[in-house]
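**Q** Have a look at this one.
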Amino acid sequence: MAYQRPRGRICVVRADQQRGAARSGAPSGLGRGLDELRAAATTEPGRLRVIGAVLALLVLVFGAAAAWQVADRAAAAEDVVERSQPLTADAASIYRSLADADTTAAGGFLAGGKGDAATRQRYGKDIATAAELLTKAAQSARGSDGAGEQIARLNRQLPQYTGLVETARANNRQGLPLGGAYLRYANERMRTELLPAARALYDAETDRLAADYADAKAWPWAALVAGVLAVAALGWAQRRHYRRTNRVFNRGLLAATAASVAVLLWLVVGHAVARAELTASYEHGARSLRVLNEARIDALQARGDENLTLVARGAVLTDDQQDFYEAGFRSRMTDLAGAGERGPAAARSRLGAALALADDEAGRAPVRAALASVRQWQVRHAEARAADEKGDYELALAKVVGGAGSTGESCDRVASGLSRALVHEQAEFRTAADAGRGALGGLPEGAGALTLVGALGAVLGIGRRLAEYR
């Protein structure tokens with residue numbers, strides 16, 4: 001009779017062996033897989049597979065980072081051209097329209113029935129422009145608490161201001177002196193409520209423009225670092241290939257390197273050109289526009305103060321007992337052209353800064369014309385003040401609100417010169433900003449396509465070497 005080993009004992013022994021193996025740290029399924037991977041990496045085919053995977057991954061990461069960061073900067077450049085700067089211009093127009101409306105209301109009050117139709121039409125146009133631009137700004141200010149708050153403030157105050165102006169006109173038509181008081185109260189509302197809110201809105205939009213400029217000009221460091229790593233890894237892989245096979249070129253790796261270098265160079269050059277053009281659009285466009293807008297507002301407010309000097313006739317005084325509106329006129333003129341009534345503009349004045357920022361004669365000529373008109377205005381204003389101080393109110397009035405030879409004519413010439421300068425600088429801004437935006441055009445898509453080619457080239461190049469081991 002043959003001897004038979006008990007089966008139950010075998011099962012118990014095998015279970016004990018498995019438990020012992022587990023306790024002794026023998027590899028599980030995942031562990032065996034890692035062991036096999038490490039063992040494969042000790043062979044040349046295994047190492048080549050790892051190198052190919054790493055190279056393809058580095059190139060793809062480079063492409064993804066380049067596409068993402070350039071697309072982000074291209075969007076910021078698009079915002080500079082199509083959103084931030086136009087909104088800043090609209091905010092400046094709101095400020096300018098309100099200042100002009102206040103000036104026109106005072107001028108119409110002085111002119112009385114003689115200029116009523118023309119001044120009412122200009123005043124109505126200014127108010128309509130401000131209201132329309134406020135509606136537009138409200139639609140674009142979502143997400144900006146500062147801008148939204150100022151728009152709401154302007155919308156609350158504007159009807160109150162226009163109501164005061166209409167009351168002043170009604171009293172003036174009836175020959176009631178109370179009209180002057182209402183006009184002064186309307187001007188006070190403009191100075192203390194509307195214009196500060198308009199200025200705050202303008203500053204908020206200017207800050208948004210500066211933020212978009214910063215985003216558009218920021219270097220894509222993540223993409224640049226990834227690109228340098230990818231190119232360096234590809235160079236190392238080709239050097240390794242040469243040392244092991246004595247072959248100078250591997251077509252796949254060469255194609256991957258060429259694609260990665262092309263993307264890296266395109267990224268550096270394209271972004272450098274975009275930064276240069278965007279910087280030019282800011283230095284010789286956006287900054288000039290800001291100074292010119294402020295110069296126009298100073299001129300309008302100086303004109304309003306000049307008109308109200310004749311309306312108030314000394315009824316409003318400063319703390320040192322000077323005529324409040326005359327003091328305001330002198331202050332505005334100092335801001336506009338500097339101290340004194342003749343000679344070149346002071347370097348820190350609005351017109352001096354505008355001349356310094358203009359980069360060609362086409363930009364400087366209208367500013368010089370505006371400066372000449374400012375100097376003429378100051379001379380005529382001094383004549384009007386001299387007449388008023390001698391008690392000749394009618395002569396002073398004619399020199400301020402009359403036709404040829406009046407300060408009103410000089411103010412209009414200042415506005416005309418500054419308007420021409422604004423048109424020129426706006427064109428300068430647009431040309432440079434469009435060039436900056438265009439320098440980034442096609443780069444995200446091109447970077448993605450070229451790095452896909454590079455990753456494929458790396459895989460094929462390593463695959464060619466692996467084929468030699470089959």
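Within each chain, counting starts at residue 1; across the structure tokens, chains are named A, B, ... in the order shown, with ligands numbered 1 upward in that order.
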As a list in words, please: the residues near A:Gly107 (cut-off 8 Å, only C-alpha atoms, same-chain neighbours under 5 positions excluded).

**A**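 Here the answer would be Thr119, Gly304, Asn307 and Val401 of chain A.
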
**Q** Within 9 Å of stretch 446-460 of chain A, counting only C-alpha atoms, which residues show up once you throw out same-chain ones fewer than 6 positions away? Write them as a PyMOL selection string, please.

**A** chain A and resi 49+52-53+55-64+66-67+234+251-260+262-264+266-267

**Q** Using DSSP on the backbone, list every residue of stretch 77-151 of chain A that comes out as alpha helix (DSSP H), and give them as a tab-separated table (two decimals) with all heavy atoms, in the first residue's frame.

**A**
chain	number	residue	atom	x	y	z
A	77	ALA	N	-3.40	92.26	-21.89
A	77	ALA	CA	-3.11	93.26	-22.92
A	77	ALA	C	-4.38	93.65	-23.68
A	77	ALA	O	-4.59	94.82	-24.02
A	77	ALA	CB	-2.05	92.73	-23.89
A	78	GLU	N	-5.23	92.67	-23.93
A	78	GLU	CA	-6.52	92.95	-24.57
A	78	GLU	C	-7.37	93.86	-23.68
A	78	GLU	O	-8.03	94.78	-24.18
A	78	GLU	CB	-7.26	91.63	-24.81
A	78	GLU	CG	-8.59	91.76	-25.51
A	78	GLU	CD	-8.44	91.99	-27.01
A	78	GLU	OE1	-7.33	91.79	-27.54
A	78	GLU	OE2	-9.44	92.37	-27.64
A	79	ASP	N	-7.34	93.63	-22.38
A	79	ASP	CA	-8.09	94.48	-21.46
A	79	ASP	C	-7.55	95.91	-21.46
A	79	ASP	O	-8.33	96.87	-21.36
A	79	ASP	CB	-8.01	93.91	-20.03
A	79	ASP	CG	-8.92	92.70	-19.85
A	79	ASP	OD1	-9.82	92.50	-20.69
A	79	ASP	OD2	-8.71	91.94	-18.89
A	85	GLN	N	-8.35	101.18	-20.66
A	85	GLN	CA	-8.07	102.54	-21.12
A	85	GLN	C	-9.34	103.25	-21.61
A	85	GLN	O	-9.53	104.43	-21.28
A	85	GLN	CB	-7.00	102.50	-22.21
A	85	GLN	CG	-6.34	103.84	-22.47
A	85	GLN	CD	-7.16	104.75	-23.35
A	85	GLN	OE1	-7.86	104.28	-24.25
A	85	GLN	NE2	-7.08	106.06	-23.11
A	86	PRO	N	-10.23	102.59	-22.38
A	86	PRO	CA	-11.48	103.27	-22.73
A	86	PRO	C	-12.31	103.67	-21.52
A	86	PRO	O	-12.92	104.74	-21.52
A	86	PRO	CB	-12.21	102.22	-23.59
A	86	PRO	CG	-11.12	101.41	-24.20
A	86	PRO	CD	-10.07	101.33	-23.13
A	87	LEU	N	-12.34	102.82	-20.48
A	87	LEU	CA	-13.09	103.18	-19.27
A	87	LEU	C	-12.43	104.36	-18.55
A	87	LEU	O	-13.13	105.22	-18.00
A	87	LEU	CB	-13.18	101.98	-18.33
A	87	LEU	CG	-14.13	100.87	-18.77
A	87	LEU	CD1	-14.03	99.68	-17.83
A	87	LEU	CD2	-15.57	101.37	-18.82
A	88	THR	N	-11.10	104.40	-18.56
A	88	THR	CA	-10.40	105.55	-17.98
A	88	THR	C	-10.74	106.82	-18.76
A	88	THR	O	-10.96	107.88	-18.16
A	88	THR	CB	-8.89	105.30	-17.99
A	88	THR	OG1	-8.59	104.11	-17.26
A	88	THR	CG2	-8.14	106.45	-17.35
A	89	ALA	N	-10.77	106.72	-20.09
A	89	ALA	CA	-11.14	107.87	-20.91
A	89	ALA	C	-12.57	108.31	-20.63
A	89	ALA	O	-12.87	109.51	-20.58
A	89	ALA	CB	-10.94	107.53	-22.38
A	90	ASP	N	-13.47	107.34	-20.46
A	90	ASP	CA	-14.86	107.68	-20.14
A	90	ASP	C	-14.97	108.38	-18.79
A	90	ASP	O	-15.74	109.33	-18.63
A	90	ASP	CB	-15.73	106.41	-20.14
A	90	ASP	CG	-16.00	105.89	-21.54
A	90	ASP	OD1	-15.74	106.62	-22.52
A	90	ASP	OD2	-16.45	104.74	-21.66
A	91	ALA	N	-14.20	107.90	-17.81
A	91	ALA	CA	-14.23	108.53	-16.49
A	91	ALA	C	-13.71	109.96	-16.57
A	91	ALA	O	-14.25	110.87	-15.93
A	91	ALA	CB	-13.39	107.72	-15.50
A	92	ALA	N	-12.65	110.18	-17.39
A	92	ALA	CA	-12.15	111.54	-17.59
A	92	ALA	C	-13.20	112.41	-18.28
A	92	ALA	O	-13.35	113.60	-17.96
A	92	ALA	CB	-10.87	111.50	-18.42
A	93	SER	N	-13.94	111.82	-19.22
A	93	SER	CA	-15.00	112.57	-19.91
A	93	SER	C	-16.13	112.94	-18.96
A	93	SER	O	-16.73	114.02	-19.08
A	93	SER	CB	-15.53	111.75	-21.08
A	93	SER	OG	-14.54	111.57	-22.07
A	94	ILE	N	-16.45	112.05	-18.01
A	94	ILE	CA	-17.47	112.37	-17.00
A	94	ILE	C	-17.00	113.59	-16.18
A	94	ILE	O	-17.75	114.55	-15.97
A	94	ILE	CB	-17.72	111.16	-16.09
A	94	ILE	CG1	-18.42	110.04	-16.87
A	94	ILE	CG2	-18.57	111.56	-14.88
A	94	ILE	CD1	-18.50	108.73	-16.11
A	95	TYR	N	-15.76	113.52	-15.72
A	95	TYR	CA	-15.19	114.61	-14.94
A	95	TYR	C	-15.23	115.91	-15.75
A	95	TYR	O	-15.68	116.97	-15.26
A	95	TYR	CB	-13.75	114.24	-14.58
A	95	TYR	CG	-13.12	115.01	-13.45
A	95	TYR	CD1	-12.09	114.46	-12.72
A	95	TYR	CD2	-13.54	116.30	-13.12
A	95	TYR	CE1	-11.48	115.14	-11.68
A	95	TYR	CE2	-12.93	117.00	-12.09
A	95	TYR	CZ	-11.90	116.42	-11.38
A	95	TYR	OH	-11.32	117.10	-10.36
A	96	ARG	N	-14.77	115.84	-17.00
A	96	ARG	CA	-14.70	117.03	-17.86
A	96	ARG	C	-16.09	117.57	-18.17
A	96	ARG	O	-16.32	118.79	-18.17
A	96	ARG	CB	-13.96	116.67	-19.13
A	96	ARG	CG	-13.63	117.85	-20.02
A	96	ARG	CD	-12.65	117.46	-21.10
A	96	ARG	NE	-13.15	116.39	-21.94
A	96	ARG	CZ	-12.61	115.18	-22.02
A	96	ARG	NH1	-11.59	114.86	-21.26
A	96	ARG	NH2	-13.12	114.27	-22.83
A	97	SER	N	-17.05	116.69	-18.44
A	97	SER	CA	-18.41	117.13	-18.76
A	97	SER	C	-19.05	117.84	-17.57
A	97	SER	O	-19.73	118.86	-17.75
A	97	SER	CB	-19.27	115.93	-19.17
A	97	SER	OG	-18.78	115.36	-20.36
A	98	LEU	N	-18.83	117.32	-16.36
A	98	LEU	CA	-19.39	117.96	-15.18
A	98	LEU	C	-18.76	119.33	-14.95
A	98	LEU	O	-19.46	120.31	-14.63
A	98	LEU	CB	-19.19	117.07	-13.97
A	98	LEU	CG	-19.99	115.76	-13.95
A	98	LEU	CD1	-19.57	114.89	-12.77
A	98	LEU	CD2	-21.49	116.04	-13.89
A	99	ALA	N	-17.43	119.40	-15.10
A	99	ALA	CA	-16.75	120.68	-14.92
A	99	ALA	C	-17.21	121.70	-15.97
A	99	ALA	O	-17.44	122.87	-15.66
A	99	ALA	CB	-15.24	120.49	-15.00
A	100	ASP	N	-17.38	121.24	-17.20
A	100	ASP	CA	-17.83	122.15	-18.27
A	100	ASP	C	-19.28	122.58	-18.04
A	100	ASP	O	-19.65	123.73	-18.31
A	100	ASP	CB	-17.70	121.46	-19.62
A	100	ASP	CG	-17.92	122.42	-20.78
A	100	ASP	OD1	-17.14	123.38	-20.90
A	100	ASP	OD2	-18.89	122.23	-21.54
A	101	ALA	N	-20.11	121.64	-17.55
A	101	ALA	CA	-21.50	122.02	-17.27
A	101	ALA	C	-21.55	123.11	-16.21
A	101	ALA	O	-22.33	124.07	-16.34
A	101	ALA	CB	-22.27	120.78	-16.80
A	102	ASP	N	-20.73	123.01	-15.17
A	102	ASP	CA	-20.71	124.01	-14.12
A	102	ASP	C	-20.23	125.35	-14.66
A	102	ASP	O	-20.78	126.41	-14.33
A	102	ASP	CB	-19.82	123.53	-12.98
A	102	ASP	CG	-20.03	124.32	-11.71
A	102	ASP	OD1	-21.19	124.48	-11.29
A	102	ASP	OD2	-19.03	124.78	-11.13
A	103	THR	N	-19.19	125.30	-15.49
A	103	THR	CA	-18.66	126.53	-16.09
A	103	THR	C	-19.69	127.17	-17.01
A	103	THR	O	-19.89	128.39	-16.99
A	103	THR	CB	-17.38	126.20	-16.88
A	103	THR	OG1	-16.40	125.68	-15.98
A	103	THR	CG2	-16.84	127.42	-17.58
A	104	THR	N	-20.36	126.36	-17.82
A	104	THR	CA	-21.35	126.87	-18.76
A	104	THR	C	-22.55	127.46	-18.04
A	104	THR	O	-23.11	128.49	-18.45
A	104	THR	CB	-21.81	125.74	-19.69
A	104	THR	OG1	-20.66	125.17	-20.34
A	104	THR	CG2	-22.77	126.24	-20.75
A	105	ALA	N	-22.95	126.82	-16.93
A	105	ALA	CA	-24.08	127.35	-16.16
A	105	ALA	C	-23.77	128.75	-15.63
A	105	ALA	O	-24.61	129.66	-15.69
A	105	ALA	CB	-24.42	126.41	-15.02
A	106	ALA	N	-22.54	128.92	-15.12
A	106	ALA	CA	-22.15	130.24	-14.62
A	106	ALA	C	-22.05	131.25	-15.75
A	106	ALA	O	-22.48	132.40	-15.61
A	106	ALA	CB	-20.81	130.13	-13.89
A	107	GLY	N	-21.49	130.82	-16.90
A	107	GLY	CA	-21.40	131.73	-18.05
A	107	GLY	C	-22.76	132.14	-18.56
A	107	GLY	O	-22.99	133.31	-18.92
A	108	GLY	N	-23.70	131.20	-18.62
A	108	GLY	CA	-25.06	131.52	-19.06
A	108	GLY	C	-25.75	132.46	-18.10
A	108	GLY	O	-26.53	133.33	-18.50
A	109	PHE	N	-25.48	132.30	-16.83
A	109	PHE	CA	-26.07	133.18	-15.82
A	109	PHE	C	-25.59	134.62	-16.03
A	109	PHE	O	-26.37	135.57	-15.96
A	109	PHE	CB	-25.68	132.69	-14.43
A	109	PHE	CG	-26.36	133.40	-13.30
A	109	PHE	CD1	-27.54	132.91	-12.78
A	109	PHE	CD2	-25.80	134.56	-12.76
A	109	PHE	CE1	-28.17	133.57	-11.73
A	109	PHE	CE2	-26.42	135.21	-11.72
A	109	PHE	CZ	-27.61	134.72	-11.20
A	110	LEU	N	-24.29	134.77	-16.33
A	110	LEU	CA	-23.74	136.11	-16.56
A	110	LEU	C	-24.28	136.71	-17.84
A	110	LEU	O	-24.60	137.91	-17.90
A	110	LEU	CB	-22.21	136.05	-16.62
A	110	LEU	CG	-21.49	135.83	-15.29
A	110	LEU	CD1	-20.00	135.63	-15.54
A	110	LEU	CD2	-21.72	137.00	-14.36
A	111	ALA	N	-24.37	135.88	-18.90
A	111	ALA	CA	-24.82	136.39	-20.19
A	111	ALA	C	-26.29	136.75	-20.18
A	111	ALA	O	-26.74	137.60	-20.95
A	111	ALA	CB	-24.55	135.35	-21.28
A	116	ASP	N	-28.52	132.81	-23.68
A	116	ASP	CA	-29.26	131.76	-23.00
A	116	ASP	C	-29.41	130.49	-23.84
A	116	ASP	O	-29.17	129.40	-23.36
A	116	ASP	CB	-30.63	132.29	-22.57
A	116	ASP	CG	-31.35	131.31	-21.66
A	116	ASP	OD1	-30.82	131.00	-20.60
A	116	ASP	OD2	-32.44	130.85	-22.05
A	117	ALA	N	-29.81	130.63	-25.12
A	117	ALA	CA	-30.06	129.45	-25.95
A	117	ALA	C	-28.79	128.64	-26.16
A	117	ALA	O	-28.79	127.41	-26.02
A	117	ALA	CB	-30.65	129.88	-27.29
A	118	ALA	N	-27.69	129.32	-26.50
A	118	ALA	CA	-26.44	128.60	-26.77
A	118	ALA	C	-25.91	127.93	-25.51
A	118	ALA	O	-25.47	126.77	-25.54
A	118	ALA	CB	-25.40	129.56	-27.34
A	119	THR	N	-25.96	128.66	-24.41
A	119	THR	CA	-25.41	128.08	-23.18
A	119	THR	C	-26.28	126.95	-22.65
A	119	THR	O	-25.75	125.96	-22.12
A	119	THR	CB	-25.25	129.15	-22.09
A	119	THR	OG1	-26.50	129.80	-21.89
A	119	THR	CG2	-24.21	130.18	-22.49
A	120	ARG	N	-27.59	127.09	-22.79
A	120	ARG	CA	-28.47	126.01	-22.35
A	120	ARG	C	-28.23	124.73	-23.17
A	120	ARG	O	-28.26	123.63	-22.63
A	120	ARG	CB	-29.94	126.43	-22.45
A	120	ARG	CG	-30.40	127.34	-21.33
A	120	ARG	CD	-31.87	127.65	-21.45
A	120	ARG	NE	-32.68	126.48	-21.17
A	120	ARG	CZ	-33.08	126.12	-19.95
A	120	ARG	NH1	-32.76	126.86	-18.90
A	120	ARG	NH2	-33.83	125.05	-19.77
A	121	GLN	N	-27.99	124.91	-24.46
A	121	GLN	CA	-27.74	123.75	-25.32
A	121	GLN	C	-26.42	123.06	-24.92
A	121	GLN	O	-26.36	121.84	-24.82
A	121	GLN	CB	-27.69	124.18	-26.78
A	121	GLN	CG	-27.49	123.02	-27.75
A	121	GLN	CD	-27.49	123.49	-29.20
A	121	GLN	OE1	-27.52	124.69	-29.48
A	121	GLN	NE2	-27.48	122.55	-30.12
A	122	ARG	N	-25.39	123.86	-24.68
A	122	ARG	CA	-24.10	123.29	-24.27
A	122	ARG	C	-24.22	122.63	-22.90
A	122	ARG	O	-23.68	121.53	-22.68
A	122	ARG	CB	-23.04	124.38	-24.26
A	122	ARG	CG	-21.67	123.90	-23.82
A	122	ARG	CD	-20.64	124.98	-24.03
A	122	ARG	NE	-19.35	124.61	-23.48
A	122	ARG	CZ	-18.24	125.33	-23.60
A	122	ARG	NH1	-18.26	126.47	-24.29
A	122	ARG	NH2	-17.10	124.93	-23.06
A	123	TYR	N	-24.88	123.31	-21.98
A	123	TYR	CA	-25.08	122.76	-20.64
A	123	TYR	C	-25.86	121.44	-20.71
A	123	TYR	O	-25.48	120.44	-20.08
A	123	TYR	CB	-25.82	123.79	-19.78
A	123	TYR	CG	-26.32	123.25	-18.46
A	123	TYR	CD1	-25.48	123.17	-17.35
A	123	TYR	CD2	-27.64	122.83	-18.31
A	123	TYR	CE1	-25.95	122.67	-16.14
A	123	TYR	CE2	-28.11	122.34	-17.10
A	123	TYR	CZ	-27.26	122.26	-16.02
A	123	TYR	OH	-27.72	121.77	-14.82
A	124	GLY	N	-26.94	121.42	-21.48
A	124	GLY	CA	-27.73	120.19	-21.61
A	124	GLY	C	-26.93	119.05	-22.21
A	124	GLY	O	-27.06	117.90	-21.79
A	125	LYS	N	-26.07	119.37	-23.19
A	125	LYS	CA	-25.23	118.34	-23.80
A	125	LYS	C	-24.24	117.77	-22.79
A	125	LYS	O	-24.00	116.55	-22.74
A	125	LYS	CB	-24.49	118.91	-25.00
A	125	LYS	CG	-23.64	117.90	-25.74
A	125	LYS	CD	-22.94	118.53	-26.93
A	125	LYS	CE	-22.06	117.50	-27.65
A	125	LYS	NZ	-21.36	118.10	-28.82
A	126	ASP	N	-23.66	118.63	-21.96
A	126	ASP	CA	-22.71	118.17	-20.94
A	126	ASP	C	-23.39	117.24	-19.93
A	126	ASP	O	-22.85	116.18	-19.58
A	126	ASP	CB	-22.11	119.36	-20.19
A	126	ASP	CG	-21.07	120.10	-21.01
A	126	ASP	OD1	-20.44	119.46	-21.87
A	126	ASP	OD2	-20.90	121.31	-20.80
A	127	ILE	N	-24.57	117.63	-19.47
A	127	ILE	CA	-25.29	116.80	-18.50
A	127	ILE	C	-25.69	115.47	-19.12
A	127	ILE	O	-25.56	114.40	-18.49
A	127	ILE	CB	-26.52	117.54	-17.95
A	127	ILE	CG1	-26.09	118.78	-17.16
A	127	ILE	CG2	-27.38	116.62	-17.09
A	127	ILE	CD1	-25.25	118.49	-15.95
A	128	ALA	N	-26.16	115.50	-20.37
A	128	ALA	CA	-26.56	114.26	-21.05
A	128	ALA	C	-25.35	113.34	-21.25
A	128	ALA	O	-25.45	112.11	-21.08
A	128	ALA	CB	-27.21	114.59	-22.39
A	129	THR	N	-24.21	113.93	-21.62
A	129	THR	CA	-22.99	113.13	-21.80
A	129	THR	C	-22.57	112.47	-20.50
A	129	THR	O	-22.24	111.28	-20.46
A	129	THR	CB	-21.85	114.01	-22.33
A	129	THR	OG1	-22.21	114.55	-23.60
A	129	THR	CG2	-20.55	113.21	-22.47
A	130	ALA	N	-22.59	113.23	-19.41
A	130	ALA	CA	-22.21	112.67	-18.11
A	130	ALA	C	-23.15	111.54	-17.70
A	130	ALA	O	-22.71	110.49	-17.23
A	130	ALA	CB	-22.20	113.77	-17.05
A	131	ALA	N	-24.46	111.74	-17.90
A	131	ALA	CA	-25.44	110.70	-17.53
A	131	ALA	C	-25.25	109.44	-18.37
A	131	ALA	O	-25.31	108.32	-17.85
A	131	ALA	CB	-26.85	111.25	-17.69
A	132	GLU	N	-25.01	109.62	-19.65
A	132	GLU	CA	-24.82	108.46	-20.54
A	132	GLU	C	-23.57	107.68	-20.17
A	132	GLU	O	-23.58	106.44	-20.11
A	132	GLU	CB	-24.74	108.95	-21.98
A	132	GLU	CG	-24.54	107.83	-23.00
A	132	GLU	CD	-24.39	108.35	-24.42
A	132	GLU	OE1	-24.61	109.56	-24.64
A	132	GLU	OE2	-24.06	107.55	-25.31
A	133	LEU	N	-22.49	108.40	-19.90
A	133	LEU	CA	-21.25	107.73	-19.55
A	133	LEU	C	-21.33	107.08	-18.17
A	133	LEU	O	-20.69	106.05	-17.93
A	133	LEU	CB	-20.09	108.72	-19.60
A	133	LEU	CG	-19.70	109.21	-21.00
A	133	LEU	CD1	-18.61	110.27	-20.93
A	133	LEU	CD2	-19.24	108.04	-21.88
A	134	LEU	N	-22.12	107.65	-17.27
A	134	LEU	CA	-22.31	107.01	-15.97
A	134	LEU	C	-23.05	105.68	-16.12
A	134	LEU	O	-22.72	104.70	-15.43
A	134	LEU	CB	-23.10	107.93	-15.04
A	134	LEU	CG	-22.31	109.05	-14.37
A	134	LEU	CD1	-23.25	110.01	-13.65
A	134	LEU	CD2	-21.29	108.48	-13.39
A	135	THR	N	-24.02	105.64	-17.01
A	135	THR	CA	-24.73	104.38	-17.27
A	135	THR	C	-23.78	103.33	-17.84
A	135	THR	O	-23.78	102.17	-17.43
A	135	THR	CB	-25.89	104.63	-18.24
A	135	THR	OG1	-26.78	105.59	-17.68
A	135	THR	CG2	-26.64	103.34	-18.52
A	136	LYS	N	-22.94	103.76	-18.76
A	136	LYS	CA	-21.96	102.85	-19.36
A	136	LYS	C	-20.96	102.37	-18.32
A	136	LYS	O	-20.60	101.18	-18.27
A	136	LYS	CB	-21.24	103.56	-20.51
A	136	LYS	CG	-20.21	102.72	-21.22
A	136	LYS	CD	-19.55	103.51	-22.34
A	136	LYS	CE	-18.45	102.70	-23.02
A	136	LYS	NZ	-17.76	103.51	-24.08
A	137	ALA	N	-20.50	103.29	-17.48
A	137	ALA	CA	-19.53	102.93	-16.44
A	137	ALA	C	-20.15	101.96	-15.43
A	137	ALA	O	-19.48	101.05	-14.95
A	137	ALA	CB	-19.03	104.17	-15.73
A	138	ALA	N	-21.43	102.14	-15.11
A	138	ALA	CA	-22.09	101.25	-14.17
A	138	ALA	C	-22.14	99.82	-14.69
A	138	ALA	O	-22.00	98.85	-13.93
A	138	ALA	CB	-23.51	101.75	-13.88
A	139	GLN	N	-22.31	99.66	-15.99
A	139	GLN	CA	-22.36	98.32	-16.59
A	139	GLN	C	-20.99	97.66	-16.58
A	139	GLN	O	-20.89	96.43	-16.54
A	139	GLN	CB	-22.87	98.42	-18.03
A	139	GLN	CG	-24.32	98.88	-18.12
A	139	GLN	CD	-24.75	99.16	-19.56
A	139	GLN	OE1	-23.91	99.22	-20.47
A	139	GLN	NE2	-26.04	99.32	-19.75
A	140	SER	N	-19.92	98.46	-16.61
A	140	SER	CA	-18.56	97.91	-16.66
A	140	SER	C	-17.90	97.84	-15.30
A	140	SER	O	-16.80	97.30	-15.19
A	140	SER	CB	-17.70	98.77	-17.59
A	140	SER	OG	-18.27	98.85	-18.87
A	145	ASP	N	-15.79	97.61	-6.27
A	145	ASP	CA	-16.57	98.31	-5.24
A	145	ASP	C	-16.30	99.81	-5.26
A	145	ASP	O	-17.22	100.61	-5.09
A	145	ASP	CB	-16.23	97.73	-3.86
A	145	ASP	CG	-16.71	96.29	-3.71
A	145	ASP	OD1	-17.63	95.91	-4.45
A	145	ASP	OD2	-16.17	95.57	-2.87
A	146	GLY	N	-15.03	100.20	-5.46
A	146	GLY	CA	-14.70	101.61	-5.45
A	146	GLY	C	-15.40	102.37	-6.55
A	146	GLY	O	-16.01	103.43	-6.31
A	147	ALA	N	-15.35	101.86	-7.77
A	147	ALA	CA	-15.99	102.53	-8.90
A	147	ALA	C	-17.51	102.54	-8.72
A	147	ALA	O	-18.16	103.56	-8.97
A	147	ALA	CB	-15.61	101.84	-10.20
A	148	GLY	N	-18.08	101.42	-8.29
A	148	GLY	CA	-19.53	101.35	-8.12
A	148	GLY	C	-20.03	102.34	-7.09
A	148	GLY	O	-21.09	102.96	-7.27
A	149	GLU	N	-19.29	102.52	-6.02
A	149	GLU	CA	-19.69	103.46	-4.97
A	149	GLU	C	-19.72	104.90	-5.50
A	149	GLU	O	-20.65	105.67	-5.22
A	149	GLU	CB	-18.72	103.36	-3.79
A	149	GLU	CG	-19.04	104.29	-2.64
A	149	GLU	CD	-18.02	104.19	-1.51
A	149	GLU	OE1	-17.22	103.24	-1.55
A	149	GLU	OE2	-18.04	105.05	-0.63
A	150	GLN	N	-18.70	105.26	-6.29
A	150	GLN	CA	-18.64	106.63	-6.82
A	150	GLN	C	-19.72	106.86	-7.88
A	150	GLN	O	-20.28	107.97	-7.97
A	150	GLN	CB	-17.25	106.91	-7.40
A	150	GLN	CG	-16.12	106.75	-6.41
A	150	GLN	CD	-16.36	107.52	-5.11
A	150	GLN	OE1	-16.89	108.62	-5.13
A	150	GLN	NE2	-15.95	106.93	-3.99
A	151	ILE	N	-20.02	105.85	-8.67
A	151	ILE	CA	-21.08	105.98	-9.68
A	151	ILE	C	-22.42	106.20	-9.00
A	151	ILE	O	-23.22	107.06	-9.42
A	151	ILE	CB	-21.10	104.74	-10.59
A	151	ILE	CG1	-19.85	104.70	-11.48
A	151	ILE	CG2	-22.35	104.73	-11.47
A	151	ILE	CD1	-19.65	103.39	-12.18

**Q** As a ChimeraX atom specification, please: the residues near stretch 405-416 of chain A (cut-off 12 Å, only C-alpha atoms, same-chain neighbours under 4 positions excluded).

**A** /A:96,100,103-104,107-108,111,292-304,306-307,333,336-337,351,366-385,395-401,420-423

**Q** May I ask for the distance between atom CA of A:Leu158 and atom CA of A:Glu188, given in Å to one decimal place?

**A**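 For atom CA of A:Leu158 relative to atom CA of A:Glu188, the distance reads 12.8 Å.
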
**Q** Kindly assemble as JSON lines a list of the stretch 161-208 of chain A residues that lie within 12 Å of stretch 213-218 of chain A, each paired with its nearest atom pair and their distance in Å to one decimal, using only C-alpha atoms, sorted first by chain and then by ascending residue number.

**A**
{"residue": "A:Thr206", "atom": "CA", "partner": "A:Tyr213", "partner_atom": "CA", "distance": 10.5}
{"residue": "A:Asp207", "atom": "CA", "partner": "A:Tyr213", "partner_atom": "CA", "distance": 9.8}
{"residue": "A:Arg208", "atom": "CA", "partner": "A:Tyr213", "partner_atom": "CA", "distance": 8.6}

**Q** Would you output that residue set with all heavy atoms, as a CSV table (one decimal), in the first residue's frame?

**A**
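selection-v2.csv was written with the following content:
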chain,number,residue,atom,x,y,z
A,206,THR,N,-8.2,104.4,-13.3
A,206,THR,CA,-6.7,104.5,-13.6
A,206,THR,C,-6.0,103.4,-12.9
A,206,THR,O,-5.0,102.8,-13.4
A,206,THR,CB,-6.2,105.9,-13.2
A,206,THR,OG1,-6.9,106.9,-13.9
A,206,THR,CG2,-4.7,106.0,-13.5
A,207,ASP,N,-6.4,103.1,-11.7
A,207,ASP,CA,-5.8,102.0,-10.9
A,207,ASP,C,-6.0,100.6,-11.6
A,207,ASP,O,-5.2,99.8,-11.7
A,207,ASP,CB,-6.3,101.9,-9.5
A,207,ASP,CG,-5.8,103.1,-8.7
A,207,ASP,OD1,-4.9,103.7,-9.1
A,207,ASP,OD2,-6.5,103.3,-7.6
A,208,ARG,N,-7.2,100.5,-12.2
A,208,ARG,CA,-7.5,99.2,-12.9
A,208,ARG,C,-6.7,99.1,-14.2
A,208,ARG,O,-6.2,98.0,-14.5
A,208,ARG,CB,-9.0,99.2,-13.3
A,208,ARG,CG,-9.4,97.9,-13.9
A,208,ARG,CD,-10.8,98.0,-14.6
A,208,ARG,NE,-11.9,98.3,-13.6
A,208,ARG,CZ,-13.1,98.2,-13.9
A,208,ARG,NH1,-13.6,97.7,-15.1
A,208,ARG,NH2,-14.0,98.5,-13.0
